[in-house]
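final11.txt (compact mmCIF, C-alpha atoms and all ligand atoms) appears below.
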```txt
# COMPACT_ATOMS: atom_id res chain seq x y z
CA MET S 59 -5.26 -13.30 -40.04
CA ARG S 60 -1.89 -13.49 -41.73
CA PRO S 61 -0.05 -16.81 -41.53
CA LEU S 62 2.52 -16.76 -38.74
CA GLN S 63 5.79 -18.53 -38.38
CA SER S 64 6.29 -20.43 -35.18
CA ARG S 65 9.71 -21.82 -36.11
CA SER S 66 12.81 -19.88 -35.20
CA SER S 67 14.44 -20.90 -38.50
CA ALA S 68 11.84 -18.99 -40.50
CA PRO S 69 13.11 -15.72 -41.99
CA PRO S 70 11.34 -12.68 -40.62
CA PRO S 71 9.24 -11.33 -43.48
CA VAL S 72 8.44 -7.66 -43.38
CA SER S 73 4.96 -6.37 -44.05
CA ARG S 74 3.24 -3.05 -43.55
CA ALA S 75 0.08 -2.65 -41.55
CA ASN S 76 -1.69 -0.12 -39.41
CA ILE S 77 -1.71 -0.58 -35.68
CA GLN S 78 -4.85 -0.21 -33.58
CA HIS S 79 -4.56 1.82 -30.40
CA GLY S 80 -6.39 1.59 -27.08
CA ARG S 81 -9.60 3.27 -28.10
CA ALA S 82 -9.68 2.17 -31.74
CA LYS S 83 -7.55 5.12 -32.83
CA PRO S 84 -5.63 4.21 -35.99
CA ALA S 85 -1.90 4.99 -36.06
CA ALA S 86 -1.02 8.04 -38.08
CA LEU S 87 1.98 6.38 -39.72
CA PRO S 88 2.47 3.01 -41.34
CA VAL S 89 4.55 0.70 -39.16
CA VAL S 90 6.85 -2.17 -40.07
CA ALA S 91 5.39 -5.35 -38.63
CA PRO S 92 8.01 -7.07 -36.49
CA VAL S 93 8.57 -10.68 -35.52
CA VAL S 94 7.46 -10.79 -31.88
CA ALA S 95 8.72 -13.28 -29.30
CA ILE S 96 6.85 -14.01 -26.06
CA VAL S 97 9.16 -15.33 -23.35
CA GLY S 98 7.00 -17.18 -20.84
CA ALA S 99 4.18 -17.69 -23.34
CA THR S 100 2.63 -20.54 -21.34
CA GLY S 101 2.38 -18.54 -18.10
CA ALA S 102 -0.60 -16.61 -16.74
CA VAL S 103 0.63 -13.33 -18.27
CA GLY S 104 2.01 -15.03 -21.40
CA VAL S 105 -1.42 -16.36 -22.37
CA GLU S 106 -2.86 -12.85 -21.98
CA LEU S 107 -0.03 -11.36 -24.05
CA LEU S 108 -1.11 -13.64 -26.88
CA ARG S 109 -4.75 -12.59 -26.48
CA CYS S 110 -3.89 -8.89 -26.36
CA LEU S 111 -1.77 -9.10 -29.53
CA GLU S 112 -4.66 -10.84 -31.27
CA LYS S 113 -7.45 -8.63 -29.93
CA ARG S 114 -5.60 -5.40 -30.69
CA ARG S 115 -4.53 -6.65 -34.16
CA PHE S 116 -0.91 -5.96 -33.38
CA PRO S 117 0.96 -6.00 -36.70
CA LEU S 118 3.03 -9.17 -36.84
CA ALA S 119 5.48 -10.60 -39.31
CA GLY S 120 5.81 -13.65 -37.09
CA LEU S 121 5.16 -14.79 -33.54
CA ARG S 122 7.54 -16.96 -31.56
CA LEU S 123 6.35 -18.61 -28.35
CA LEU S 124 9.11 -19.40 -25.85
CA ALA S 125 8.97 -21.18 -22.50
CA SER S 126 10.90 -23.79 -20.54
CA ALA S 127 11.82 -27.27 -21.81
CA ARG S 128 8.71 -28.52 -19.97
CA SER S 129 6.47 -26.80 -22.51
CA ALA S 130 8.50 -27.33 -25.70
CA GLY S 131 6.31 -28.90 -28.38
CA LYS S 132 3.00 -27.84 -26.83
CA THR S 133 0.75 -25.83 -29.11
CA MET S 134 -1.14 -22.61 -28.40
CA LYS S 135 -3.91 -21.04 -30.48
CA PHE S 136 -3.46 -17.64 -32.06
CA GLY S 137 -6.22 -16.53 -34.42
CA GLY S 138 -6.78 -19.49 -36.69
CA ASP S 139 -3.28 -20.86 -36.17
CA GLU S 140 -1.77 -23.43 -33.82
CA LEU S 141 1.68 -22.21 -32.82
CA VAL S 142 4.31 -24.53 -31.39
CA VAL S 143 6.02 -23.52 -28.14
CA GLU S 144 9.81 -23.64 -28.31
CA GLU S 145 12.34 -23.98 -25.54
CA LEU S 146 14.02 -20.65 -24.80
CA ASN S 147 17.70 -20.63 -25.75
CA GLU S 148 20.38 -18.16 -26.80
CA GLN S 149 19.39 -18.40 -30.47
CA SER S 150 15.72 -17.73 -29.83
CA PHE S 151 15.91 -14.04 -30.73
CA GLU S 152 17.35 -14.17 -34.26
CA GLY S 153 15.19 -11.96 -36.45
CA VAL S 154 13.01 -10.86 -33.51
CA GLY S 155 12.02 -7.17 -33.45
CA ILE S 156 10.13 -7.06 -30.15
CA ALA S 157 10.51 -9.51 -27.26
CA LEU S 158 7.83 -9.50 -24.56
CA PHE S 159 9.31 -11.10 -21.43
CA SER S 160 7.15 -12.53 -18.66
CA ALA S 161 9.14 -15.36 -17.15
CA GLY S 162 10.49 -13.77 -13.97
CA GLY S 163 13.54 -11.73 -13.04
CA ALA S 164 16.20 -14.46 -13.39
CA ILE S 165 15.23 -15.28 -16.99
CA ALA S 166 15.03 -11.55 -17.80
CA ARG S 167 18.51 -10.92 -16.39
CA GLN S 168 19.97 -13.84 -18.36
CA TYR S 169 18.16 -13.45 -21.70
CA ALA S 170 17.09 -9.80 -22.13
CA PRO S 171 20.68 -8.69 -22.95
CA ILE S 172 20.94 -11.55 -25.48
CA ALA S 173 17.68 -10.42 -27.09
CA VAL S 174 18.91 -6.83 -27.26
CA ARG S 175 22.21 -7.91 -28.83
CA ALA S 176 20.18 -9.80 -31.45
CA GLY S 177 18.44 -6.51 -32.31
CA ALA S 178 15.18 -6.84 -30.36
CA VAL S 179 13.51 -4.24 -28.17
CA VAL S 180 12.64 -5.99 -24.90
CA VAL S 181 9.53 -5.14 -22.85
CA ASP S 182 10.11 -6.90 -19.53
CA ASN S 183 7.34 -7.61 -17.05
CA SER S 184 9.69 -8.56 -14.19
CA SER S 185 11.22 -6.20 -11.65
CA ALA S 186 14.80 -6.98 -12.84
CA TYR S 187 15.42 -3.67 -14.64
CA ARG S 188 12.63 -1.39 -13.40
CA MET S 189 14.74 0.89 -11.24
CA ASP S 190 17.79 1.04 -13.59
CA ALA S 191 18.40 4.68 -14.48
CA ASP S 192 18.69 3.97 -18.23
CA VAL S 193 15.57 1.77 -18.40
CA PRO S 194 12.25 3.55 -18.99
CA LEU S 195 9.49 2.34 -16.65
CA VAL S 196 6.37 3.00 -18.62
CA ILE S 197 2.63 3.33 -18.31
CA PRO S 198 1.55 4.67 -21.70
CA GLU S 199 -1.24 6.80 -20.18
CA ILE S 200 1.36 8.52 -17.96
CA ASN S 201 4.88 8.72 -19.36
CA PRO S 202 4.96 7.49 -22.98
CA GLU S 203 7.61 10.08 -23.83
CA THR S 204 10.21 8.12 -21.82
CA ILE S 205 10.01 5.17 -24.26
CA ALA S 206 12.19 7.01 -26.77
CA ARG S 207 15.06 7.00 -24.24
CA HIS S 208 15.37 3.22 -24.13
CA HIS S 209 18.62 1.37 -24.81
CA GLY S 210 16.95 -1.89 -25.77
CA ILE S 211 15.03 -2.65 -22.57
CA ILE S 212 11.76 -1.07 -21.40
CA ALA S 213 10.28 -2.16 -18.07
CA ASN S 214 6.62 -2.86 -17.39
CA PRO S 215 5.75 -1.63 -13.89
CA ASN S 216 4.52 -3.55 -10.86
CA CYS S 217 0.87 -4.49 -11.22
CA CYS S 218 -0.29 -2.70 -8.04
CA ALA S 219 1.55 0.45 -9.02
CA ILE S 220 -0.26 0.40 -12.39
CA VAL S 221 -3.74 -0.15 -10.89
CA ALA S 222 -3.21 2.54 -8.25
CA ILE S 223 -1.61 5.29 -10.29
CA VAL S 224 -3.32 5.20 -13.71
CA PRO S 225 -6.33 6.99 -12.13
CA LEU S 226 -4.13 9.25 -9.97
CA TRP S 227 -2.04 10.70 -12.78
CA PRO S 228 -4.66 13.08 -14.26
CA ILE S 229 -5.38 14.32 -10.72
CA HIS S 230 -1.66 14.73 -9.96
CA ARG S 231 -1.24 16.82 -13.11
CA LYS S 232 -3.96 19.26 -12.05
CA ASN S 233 -3.24 19.40 -8.32
CA ARG S 234 -0.01 17.67 -7.30
CA ILE S 235 -0.44 14.69 -4.99
CA ALA S 236 2.04 15.24 -2.18
CA ARG S 237 1.23 12.12 -0.18
CA LEU S 238 -0.25 8.75 -1.12
CA ILE S 239 -1.25 5.80 1.07
CA VAL S 240 -2.41 2.52 -0.48
CA ALA S 241 -3.63 -0.79 0.89
CA THR S 242 -3.84 -3.62 -1.63
CA TYR S 243 -6.06 -6.68 -1.94
CA GLN S 244 -4.00 -8.69 -4.43
CA ALA S 245 -5.21 -11.61 -6.50
CA ALA S 246 -3.56 -15.01 -7.01
CA SER S 247 -2.61 -14.22 -10.64
CA GLY S 248 0.20 -11.96 -9.47
CA ALA S 249 2.04 -15.09 -8.32
CA GLY S 250 1.48 -16.88 -11.63
CA ALA S 251 -0.63 -19.67 -13.08
CA ALA S 252 0.42 -22.16 -10.38
CA ALA S 253 -0.85 -19.85 -7.61
CA MET S 254 -4.22 -19.47 -9.39
CA GLU S 255 -4.40 -23.25 -9.52
CA GLU S 256 -3.48 -23.45 -5.83
CA LEU S 257 -6.34 -21.09 -4.94
CA SER S 258 -8.86 -23.22 -6.85
CA GLU S 259 -7.50 -26.54 -5.56
CA SER S 260 -7.21 -25.47 -1.93
CA THR S 261 -10.74 -23.99 -1.99
CA ARG S 262 -12.15 -27.28 -3.36
CA ALA S 263 -10.21 -29.19 -0.68
CA TYR S 264 -11.43 -26.87 2.09
CA LEU S 265 -15.08 -27.25 1.04
CA ALA S 266 -14.71 -31.04 0.84
CA GLY S 267 -13.11 -31.11 4.30
CA ARG S 268 -9.81 -32.42 2.87
CA ASN S 269 -6.33 -31.31 3.94
CA TYR S 270 -4.38 -29.35 1.35
CA ALA S 271 -0.62 -28.92 1.49
CA GLN S 272 0.18 -25.61 -0.24
CA ARG S 273 3.04 -25.75 -2.78
CA VAL S 274 3.26 -22.26 -4.24
CA LEU S 275 2.30 -19.75 -1.56
CA PRO S 276 3.58 -19.87 2.00
CA HIS S 277 0.20 -19.87 3.79
CA PRO S 278 -3.21 -21.53 3.44
CA TYR S 279 -5.03 -19.54 0.76
CA ALA S 280 -8.65 -20.72 0.84
CA PHE S 281 -10.83 -18.40 2.96
CA ASN S 282 -7.72 -16.62 4.19
CA LEU S 283 -5.54 -13.62 3.40
CA PHE S 284 -1.95 -12.79 4.28
CA SER S 285 0.77 -10.18 4.00
CA HIS S 286 2.41 -10.24 0.55
CA ASN S 287 4.86 -13.13 0.34
CA THR S 288 7.97 -11.13 -0.53
CA ARG S 289 11.05 -10.50 1.59
CA ILE S 290 10.80 -7.82 4.28
CA ASP S 291 13.51 -5.17 4.42
CA PRO S 292 14.53 -5.16 8.10
CA ARG S 293 15.52 -1.50 7.80
CA THR S 294 12.10 -0.21 6.74
CA GLY S 295 9.74 -3.05 7.71
CA TYR S 296 8.32 -2.88 4.16
CA ASN S 297 8.15 -6.01 1.98
CA ASP S 298 9.51 -5.93 -1.59
CA GLU S 299 6.07 -5.48 -3.13
CA GLU S 300 5.42 -2.42 -0.96
CA THR S 301 8.86 -1.00 -1.76
CA LYS S 302 8.16 -1.43 -5.48
CA VAL S 303 4.92 0.57 -5.20
CA VAL S 304 6.77 3.38 -3.38
CA ASN S 305 9.78 3.57 -5.73
CA GLU S 306 7.98 2.91 -9.01
CA THR S 307 5.31 5.56 -8.34
CA ARG S 308 8.07 8.13 -7.90
CA LYS S 309 9.90 7.04 -11.05
CA ILE S 310 6.80 6.85 -13.28
CA PHE S 311 5.44 10.21 -12.08
CA GLY S 312 8.93 11.71 -12.43
CA ASP S 313 8.36 13.06 -8.91
CA PRO S 314 11.00 11.80 -6.46
CA ASP S 315 9.46 13.79 -3.60
CA ILE S 316 5.99 12.26 -3.55
CA ARG S 317 5.50 10.60 -0.14
CA VAL S 318 4.13 7.07 -0.52
CA SER S 319 3.24 4.30 1.90
CA ALA S 320 1.84 0.86 1.01
CA THR S 321 0.47 -2.23 2.74
CA CYS S 322 0.29 -5.17 0.33
CA ILE S 323 -2.00 -8.11 1.11
CA ARG S 324 -2.71 -11.28 -0.86
CA VAL S 325 -6.44 -12.15 -0.93
CA PRO S 326 -8.25 -15.21 -2.32
CA VAL S 327 -9.35 -13.63 -5.61
CA LEU S 328 -8.26 -15.14 -8.93
CA ARG S 329 -7.06 -12.29 -11.13
CA ALA S 330 -8.00 -8.67 -10.37
CA HIS S 331 -6.22 -6.51 -7.81
CA SER S 332 -8.18 -4.09 -5.61
CA ILE S 333 -6.56 -1.08 -3.94
CA ALA S 334 -7.80 1.32 -1.26
CA VAL S 335 -6.17 4.67 -1.98
CA ASN S 336 -5.90 7.81 0.17
CA PHE S 337 -4.11 10.81 -1.23
CA GLU S 338 -3.38 14.37 -0.18
CA CYS S 339 -3.07 17.11 -2.80
CA GLU S 340 -1.19 20.38 -2.47
CA ARG S 341 -4.42 22.37 -2.74
CA PRO S 342 -8.01 21.60 -1.68
CA ILE S 343 -9.88 19.19 -3.96
CA SER S 344 -13.46 17.89 -3.87
CA PRO S 345 -14.85 14.44 -4.72
CA ASP S 346 -16.84 16.05 -7.57
CA GLU S 347 -13.65 17.50 -9.05
CA VAL S 348 -12.03 14.05 -8.87
CA ARG S 349 -15.09 12.47 -10.57
CA ALA S 350 -14.97 15.10 -13.31
CA ILE S 351 -11.24 14.55 -13.91
CA LEU S 352 -11.63 10.77 -13.97
CA ALA S 353 -14.65 10.89 -16.30
CA GLY S 354 -12.32 11.80 -19.15
CA ALA S 355 -9.23 9.90 -18.04
CA PRO S 356 -7.78 7.32 -20.46
CA GLY S 357 -7.78 3.74 -19.17
CA VAL S 358 -10.20 4.56 -16.33
CA ARG S 359 -13.92 3.89 -15.79
CA VAL S 360 -15.78 5.45 -12.86
CA VAL S 361 -18.08 2.93 -11.10
CA ASP S 362 -19.45 4.91 -8.19
CA ASP S 363 -23.17 4.27 -7.66
CA ILE S 364 -23.85 5.44 -4.12
CA GLU S 365 -27.62 4.78 -4.28
CA LYS S 366 -27.18 1.15 -5.32
CA ASN S 367 -24.05 0.71 -3.20
CA TYR S 368 -22.35 -0.53 -6.39
CA PHE S 369 -18.63 0.00 -6.60
CA PRO S 370 -15.63 -1.62 -8.33
CA MET S 371 -15.30 -5.36 -7.79
CA PRO S 372 -12.72 -7.88 -9.03
CA ARG S 373 -15.50 -9.84 -10.78
CA ASP S 374 -16.41 -6.78 -12.85
CA ALA S 375 -12.79 -5.81 -13.57
CA THR S 376 -11.78 -9.30 -14.74
CA GLY S 377 -11.26 -9.32 -18.50
CA GLU S 378 -11.61 -5.51 -18.69
CA ASP S 379 -8.94 -3.17 -20.03
CA ASP S 380 -9.96 -0.22 -17.83
CA ILE S 381 -9.19 0.39 -14.18
CA LEU S 382 -12.51 0.71 -12.33
CA VAL S 383 -12.65 3.52 -9.75
CA GLY S 384 -15.28 4.28 -7.11
CA ARG S 385 -15.91 5.11 -3.43
CA ILE S 386 -14.67 8.60 -4.29
CA ARG S 387 -15.06 10.64 -1.11
CA ARG S 388 -13.37 13.12 1.16
CA ASP S 389 -10.77 11.66 3.49
CA LEU S 390 -12.34 12.86 6.74
CA SER S 391 -9.06 12.46 8.61
CA ASP S 392 -7.76 15.61 6.85
CA PRO S 393 -9.84 18.71 7.75
CA SER S 394 -7.92 20.86 5.24
CA GLY S 395 -10.03 19.49 2.34
CA LYS S 396 -6.91 18.41 0.40
CA SER S 397 -7.38 14.66 0.85
CA ILE S 398 -9.50 12.11 -1.01
CA ALA S 399 -10.17 8.41 -0.49
CA LEU S 400 -11.09 6.05 -3.36
CA PHE S 401 -11.12 2.38 -4.33
CA ALA S 402 -9.55 1.12 -7.59
CA VAL S 403 -9.76 -2.34 -9.16
CA GLY S 404 -7.93 -3.57 -12.26
CA ASP S 405 -7.29 -6.86 -14.00
CA GLN S 406 -3.77 -7.74 -12.88
CA LEU S 407 -3.16 -9.90 -15.97
CA LEU S 408 -4.36 -7.21 -18.41
CA LYS S 409 -3.63 -3.55 -17.49
CA GLY S 410 -1.48 -4.80 -14.62
CA ALA S 411 0.75 -6.79 -16.98
CA ALA S 412 0.01 -8.01 -20.54
CA LEU S 413 -2.09 -5.12 -21.85
CA ASN S 414 0.34 -2.48 -20.57
CA ALA S 415 3.26 -4.38 -22.19
CA VAL S 416 1.46 -4.59 -25.54
CA GLN S 417 0.53 -0.89 -25.34
CA ILE S 418 4.24 -0.13 -24.80
CA ALA S 419 5.13 -2.31 -27.81
CA GLU S 420 2.60 -0.39 -29.91
CA ARG S 421 4.27 2.88 -28.92
CA VAL S 422 7.68 1.40 -29.82
CA LEU S 423 6.42 0.60 -33.31
CA GLU S 424 4.85 4.02 -33.61
CA GLY S 425 8.18 5.59 -32.61
CA GLN S 426 10.08 3.47 -35.12
CA ALA S 427 7.62 4.49 -37.84
CA SER S 428 8.04 8.19 -37.07
CA THR S 429 11.86 7.86 -36.97
CA GLU S 430 11.80 6.10 -40.33
CA SER S 431 9.62 8.84 -41.78
CA ILE S 432 12.29 11.48 -41.04
CA PRO S 433 14.27 12.04 -44.28
CA GLN S 434 17.87 10.80 -43.89
CA MET S 435 20.58 13.44 -44.52
P1 LIG H 501 6.74 -23.22 -18.41
O1 LIG H 501 5.24 -23.17 -18.53
O2 LIG H 501 7.36 -24.06 -19.48
O3 LIG H 501 7.22 -23.53 -17.03
P2 LIG H 501 3.80 -18.02 -14.44
O4 LIG H 501 4.15 -16.60 -14.15
O5 LIG H 501 2.35 -18.21 -14.76
O6 LIG H 501 4.30 -18.96 -13.39
O7 LIG H 501 4.58 -18.39 -15.79
C1 LIG H 501 5.97 -18.36 -15.90
C2 LIG H 501 6.38 -18.51 -17.36
O8 LIG H 501 7.82 -18.51 -17.41
C3 LIG H 501 5.92 -19.83 -18.00
O9 LIG H 501 5.65 -19.62 -19.35
C4 LIG H 501 7.15 -20.69 -17.82
O10 LIG H 501 7.26 -21.74 -18.76
C5 LIG H 501 8.24 -19.69 -18.09
N1 LIG H 501 9.52 -20.17 -17.57
C6 LIG H 501 9.80 -20.58 -16.32
N2 LIG H 501 11.08 -21.01 -16.25
C7 LIG H 501 11.61 -20.88 -17.48
C8 LIG H 501 12.87 -21.17 -18.06
N3 LIG H 501 13.88 -21.67 -17.35
N4 LIG H 501 13.05 -20.92 -19.39
C9 LIG H 501 12.04 -20.40 -20.12
N5 LIG H 501 10.82 -20.12 -19.63
C10 LIG H 501 10.60 -20.35 -18.33
```

Please express the file's structure as structure tokens.
Amino acid sequence: MRPLQSRSSAPPPVSRANIQHGRAKPAALPVVAPVVAIVGATGAVGVELLRCLEKRRFPLAGLRLLASARSAGKTMKFGGDELVVEELNEQSFEGVGIALFSAGGAIARQYAPIAVRAGAVVVDNSSAYRMDADVPLVIPEINPETIARHHGIIANPNCCAIVAIVPLWPIHRKNRIARLIVATYQAASGAGAAAMEELSESTRAYLAGRNYAQRVLPHPYAFNLFSHNTRIDPRTGYNDEETKVVNETRKIFGDPDIRVSATCIRVPVLRAHSIAVNFECERPISPDEVRAILAGAPGVRVVDDIEKNYFPMPRDATGEDDILVGRIRRDLSDPSGKSIALFAVGDQLLKGAALNAVQIAERVLEGQASTESIPQM
């Protein structure tokens, strides 16, 4: 592992290295290793961003870990190095080539433009910019071509949208999905490290017969589930999470007419989201066709053992890059044969957040390498 700078005063050295892609496919072109900043490095997603960069051997000229004043001075391990966390400030992005933001919408709104002005490409995990017309909203398995249209900021989609639609895209391309209905079973990790802690603590308290006053989520979490804790739009009756799934699916598929409905529920699971999906295609489609399409789909693993009654579970998806898909069957409520029901589970912190962001960053580097390889006139 190359030595890394953790101090913002360090000049950003430039080195050349090859980047590793999802399925160990080497990049065709040499890329310039950037200095990368992680905003929110100490958070649930931030920690996974660090792991993904390391695991995927992302080419780095330096790595800068940024968080609030509460974390300044803490150290985090990266490869063989101990990197010091710095407090985020307006000078944090000097020399930074790629900034991975996962510190919420308010921090993204305040600091992403500063990072862009300093010359960084921002990949933001919050919802702050997702629906802006000039901000690409990217899942690399679906719409990587939109990355090239960025003006400094690229948005990482909502975690449920990612888990639900990565497996649907190859189906949609063959036989357009006209209507999609999802019901989510969302893990604690989507609300951050403190919510994961609250799930563990409140479960221990419940089992010990102690009272637990929840601090992060609005309802008791142990042995309970509740409607997603975002604001409800009085006009539609949909909460913000559900609205994100509807709007982001349309934007990522580039299909504003797809009809989508969602019910988003928080369940007492630590870090993988599960989603029941029903979809209606324009033409008839069979479960076997869906299985055949998904067998070769990037980022997807079919887990559909009817004999053993073994299907995707959050325990199996945790720590995995792929979205697990099973329970593939006809939707019996539609006699036309155009509708399918399935169940998808994906690690919210990986493909639902950190992994997708790092895959976007890899594509950014690849794009920069190919631009640089074009002879200048
Ligand atoms: P910190 O750990 O110092 O509070 P999560 O999504 O798991 O709750 O994590 C949120 C991340 O955003 C953490 O790394 C957190 O840092 C960071 N963060 C929160 N508020 C700020 C802030 N005002 N400035 C910089 N980083 C922040």

Exercise. Rank nothing, just name the residue among S:Asn336, S:Ser258, S:Gln168, S:Gln244 nearest to ligand LIG 501 (chain H), using only C-alpha atoms and all ligand atoms.
Key: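 Using only C-alpha atoms and all ligand atoms, the shortest distance to ligand LIG 501 (chain H) belongs to S:Gln168.
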
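Pairwise distance (atom CA of Pro393 of chain S, atom CA of Cys322 of chain S) equals 27.0 Å.
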
Quiz item: When you draw a straight line from atom CA of Asp374 of chain S to atom CA of Glu106 of chain S, how long is it in Å?
Solution: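 Rounded to one decimal, the two atoms are 17.4 Å apart.
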
Could you give me, as a tab-separated table, a per-residue list for chain S showing, wherever an atom lies at most 8 Å from an atom of ligand LIG 501 (chain H), the closest pair of atoms and their distance in Å to one decimal, using all atoms listed in the file and sorting by chain then residue number from low to high?
```
residue	atom	partner	partner_atom	distance
S:Val97	CA	H:LIG501	N5	6.3
S:Gly98	CA	H:LIG501	O9	3.2
S:Ala99	CA	H:LIG501	O9	4.7
S:Thr100	CA	H:LIG501	O9	3.7
S:Gly101	CA	H:LIG501	O7	3.2
S:Ala102	CA	H:LIG501	O5	3.9
S:Val103	CA	H:LIG501	O5	6.3
S:Gly104	CA	H:LIG501	O9	6.2
S:Leu124	CA	H:LIG501	N5	6.5
S:Ala125	CA	H:LIG501	N5	3.6
S:Ser126	CA	H:LIG501	C9	3.6
S:Ala127	CA	H:LIG501	O2	6.0
S:Arg128	CA	H:LIG501	O2	4.7
S:Ser129	CA	H:LIG501	O2	4.2
S:Ala130	CA	H:LIG501	O2	7.1
S:Glu145	CA	H:LIG501	C9	6.5
S:Leu146	CA	H:LIG501	C9	5.1
S:Asn147	CA	H:LIG501	N4	7.9
S:Ser160	CA	H:LIG501	O8	6.1
S:Ala161	CA	H:LIG501	O8	3.4
S:Gly162	CA	H:LIG501	O8	6.4
S:Ile165	CA	H:LIG501	C8	6.4
S:Ser247	CA	H:LIG501	O5	7.6
S:Gly248	CA	H:LIG501	O4	7.7
S:Ala249	CA	H:LIG501	O4	6.4
S:Gly250	CA	H:LIG501	O5	3.5
S:Ala251	CA	H:LIG501	O5	3.7
S:Ala252	CA	H:LIG501	O6	5.9
S:Ala253	CA	H:LIG501	O6	7.8
```

Self-check item: Which of S:Ala95, S:Ala119, S:Val325, S:Ala246 sits closest to Ala178 of chain S [using only C-alpha atoms]
Solution: S:Ala95

Exercise. Extract, using only C-alpha atoms, all DNA, RNA and protein residues at most 10 Å from Lys302 of chain S, discarding same-chain residues fewer than 5 positions from it, and format them as a count of residues only.
Key: 13

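Of the listed residues (S:Val304, S:Ile156, S:Val240, S:Lys232), S:Ile156 comes nearest to Gly210 of chain S; the distances count all atoms listed in the file.
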
Quiz prompt | From S:Gly267, S:Pro345, S:Pro314, S:Gly354, residue lying nearest Gly384 of chain S [all atoms listed in the file] | solution =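 Among S:Gly267, S:Pro345, S:Pro314, S:Gly354, it is S:Pro345 that comes nearest to Gly384 of chain S.
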
Quiz prompt | Distance query Arg373 of chain S at most 12 Å, all atoms listed in the file, self and fewer than 4 positions along chain excluded, as a ChimeraX atom specification | solution = /S:245,327-332,369,377-378,382,403-405

May I have the selected residues written with C-alpha atoms, as a PDB file, in the frame of the given file?
```pdb
ATOM      1  CA  ALA S 245      -5.210 -11.610  -6.500  1.00  0.00           C
ATOM      2  CA  VAL S 327      -9.350 -13.630  -5.610  1.00  0.00           C
ATOM      3  CA  LEU S 328      -8.260 -15.140  -8.930  1.00  0.00           C
ATOM      4  CA  ARG S 329      -7.060 -12.290 -11.130  1.00  0.00           C
ATOM      5  CA  ALA S 330      -8.000  -8.670 -10.370  1.00  0.00           C
ATOM      6  CA  HIS S 331      -6.220  -6.510  -7.810  1.00  0.00           C
ATOM      7  CA  SER S 332      -8.180  -4.090  -5.610  1.00  0.00           C
ATOM      8  CA  PHE S 369     -18.630   0.000  -6.600  1.00  0.00           C
ATOM      9  CA  GLY S 377     -11.260  -9.320 -18.500  1.00  0.00           C
ATOM     10  CA  GLU S 378     -11.610  -5.510 -18.690  1.00  0.00           C
ATOM     11  CA  LEU S 382     -12.510   0.710 -12.330  1.00  0.00           C
ATOM     12  CA  VAL S 403      -9.760  -2.340  -9.160  1.00  0.00           C
ATOM     13  CA  GLY S 404      -7.930  -3.570 -12.260  1.00  0.00           C
ATOM     14  CA  ASP S 405      -7.290  -6.860 -14.000  1.00  0.00           C
TER      15      ASP S 405
END
```
